[in-house]
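data-v3.txt follows (compact mmCIF, C-alpha atoms):
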# COMPACT_ATOMS: atom_id res chain seq x y z
CA MET A 1 0.00 0.00 0.00
CA SER A 2 1.17 3.52 -0.75
CA GLY A 3 -0.17 5.11 2.47
CA ALA A 4 -0.60 8.90 2.08
CA ALA A 5 0.37 9.03 -1.59
CA GLU A 6 -1.93 7.91 -4.37
CA LYS A 7 -1.25 7.02 -7.97
CA GLY A 8 -2.28 9.55 -10.60
CA SER A 9 -3.68 8.60 -13.99
CA THR A 10 -0.20 8.85 -15.52
CA GLY A 11 1.19 6.32 -13.05
CA THR A 12 3.18 8.91 -11.10
CA THR A 13 2.86 9.22 -7.35
CA LYS A 14 0.98 12.32 -6.16
CA THR A 15 1.83 13.54 -2.66
CA PRO A 16 -0.16 15.91 -0.42
CA ALA A 17 2.43 18.59 -1.23
CA ASP A 18 1.70 18.13 -4.94
CA PHE A 19 -2.02 18.55 -4.25
CA LEU A 20 -1.42 21.77 -2.28
CA LYS A 21 0.75 23.19 -5.07
CA SER A 22 -1.90 22.33 -7.65
CA ILE A 23 -4.73 24.20 -5.87
CA ARG A 24 -2.98 27.58 -5.51
CA GLY A 25 -5.12 30.26 -7.10
CA ARG A 26 -8.24 28.09 -6.91
CA PRO A 27 -11.31 28.26 -4.63
CA VAL A 28 -10.84 26.28 -1.41
CA VAL A 29 -12.58 25.57 1.88
CA VAL A 30 -10.40 25.72 5.00
CA LYS A 31 -11.95 24.18 8.11
CA LEU A 32 -10.52 25.18 11.47
CA ASN A 33 -10.31 23.08 14.63
CA SER A 34 -13.04 25.35 16.07
CA GLY A 35 -15.46 24.26 13.33
CA VAL A 36 -15.43 27.60 11.47
CA ASP A 37 -15.08 27.41 7.67
CA TYR A 38 -13.26 29.93 5.50
CA ARG A 39 -13.97 29.88 1.77
CA GLY A 40 -11.95 31.82 -0.74
CA ILE A 41 -9.10 31.78 -3.22
CA LEU A 42 -5.89 30.14 -1.97
CA ALA A 43 -3.14 32.74 -2.47
CA CYS A 44 -0.27 30.86 -0.83
CA LEU A 45 0.72 28.55 1.99
CA ASP A 46 3.94 27.42 3.64
CA GLY A 47 5.34 24.28 5.24
CA TYR A 48 3.61 25.07 8.54
CA MET A 49 0.20 25.20 6.77
CA ASN A 50 -0.04 28.96 7.32
CA ILE A 51 -2.54 30.05 4.68
CA ALA A 52 -3.13 33.32 2.83
CA MET A 53 -6.51 33.65 1.12
CA GLU A 54 -8.25 36.24 -1.03
CA GLN A 55 -11.98 37.00 -1.39
CA THR A 56 -12.51 35.16 1.89
CA GLU A 57 -15.89 34.38 3.44
CA GLU A 58 -16.30 33.19 7.04
CA TYR A 59 -19.01 30.61 7.80
CA VAL A 60 -20.10 29.66 11.32
CA ASN A 61 -22.55 26.74 11.57
CA GLY A 62 -23.08 26.98 7.81
CA GLN A 63 -24.14 30.64 7.98
CA LEU A 64 -22.15 33.43 6.31
CA LYS A 65 -20.85 35.71 9.08
CA ASN A 66 -18.20 37.94 7.47
CA LYS A 67 -16.47 38.72 4.20
CA TYR A 68 -12.81 39.68 4.09
CA GLY A 69 -10.68 40.89 1.21
CA ASP A 70 -7.59 39.03 2.39
CA ALA A 71 -7.18 36.63 5.30
CA PHE A 72 -4.25 34.91 6.97
CA ILE A 73 -4.83 31.69 8.91
CA ARG A 74 -2.21 30.27 11.24
CA GLY A 75 -1.45 26.66 10.35
CA ASN A 76 -1.91 25.15 13.81
CA ASN A 77 -5.62 26.08 13.64
CA VAL A 78 -6.26 24.23 10.37
CA LEU A 79 -8.16 20.94 10.46
CA TYR A 80 -8.22 20.48 6.67
CA ILE A 81 -8.07 22.19 3.28
CA SER A 82 -10.44 21.09 0.54
CA THR A 83 -11.13 22.27 -2.98
CA ALA A 84 -14.43 24.15 -3.05
CA LYS A 85 -17.33 22.13 -4.43
CA ARG A 86 -19.27 25.23 -5.41
CA THR A 87 -18.32 28.66 -6.67
CA LEU A 88 -17.91 31.49 -4.18
CA GLY A 89 -20.93 33.63 -3.47
CA ASP A 90 -23.62 31.10 -4.32
CA GLY A 91 -24.68 30.90 -0.70
CA ALA A 92 -23.82 27.30 0.07
Rewritten as structure tokens:
Amino acid sequence: MSGAAEKGSTGTTKTPADFLKSIRGRPVVVKLNSGVDYRGILACLDGYMNIAMEQTEEYVNGQLKNKYGDAFIRGNNVLYISTAKRTLGDGA
């Protein structure tokens, strides 16, 4: 078994670092340990999972609470990063 890495369609191994590089500039959902979600465009991140986002929206219990132009999230607060399933601003 390959563990954390999975095989891509070309037969090459794709690591989590490859995934994070591939989603820069794309819409993402960042879930914090507190349960709060931030949705926006991933501007950059570092090896400590510190995240810079643009066009960021803050969701608490699924409800939009705030909109920020730019946001910085400290990596030790991050539970996971996911690619956004829906476009920003569609209310879901």
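Interatomic distance, atom CA of Tyr68 of chain A to atom CA of Thr56 of chain A: 5.0 Å.
Distances from A:Lys21, A:Lys85, A:Arg39, A:Arg26 to Gln63 of chain A were compared using all atoms listed in the file, and the smallest one belongs to A:Arg39.
Considering all atoms listed in the file, the residue among A:Phe19, A:Val36, A:Asn50, A:Arg74 positioned nearest to Gly62 of chain A is A:Val36.
Pairwise distance (atom CA of Leu32 of chain A, atom CA of Lys14 of chain A) equals 24.7 Å.
Going from atom CA of Tyr48 of chain A over to atom CA of Val60 of chain A, you cover 24.3 Å.
If all atoms listed in the file are the atoms counted, then among A:Met53, A:Thr13, A:Tyr59, A:Ala84 the closest residue to Ser34 of chain A is A:Tyr59.
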Open item on the list: Taking 3 positions as the minimum chain separation for residues in the same chain, which residues sit within 7 Å of Val29 of chain A when counting only C-alpha atoms? Answer as a PyMOL selection string.
Closed with: chain A and resi 37-40+81-84
Q.
Neighbouring residues of Ala43 of chain A were defined as those with any atom within 12 Å, considering all atoms listed in the file; residues of the same chain fewer than 6 positions away were excluded. Please report them as a list in words.
A. Leu20, Lys21, Ser22, Ile23, Arg24, Gly25, Arg26, Pro27, Val28, Asn50, Ile51, Ala52, Met53, Glu54, Gln55, Thr56, Gly69, Asp70, Ala71, Phe72 and Ile73 of chain A
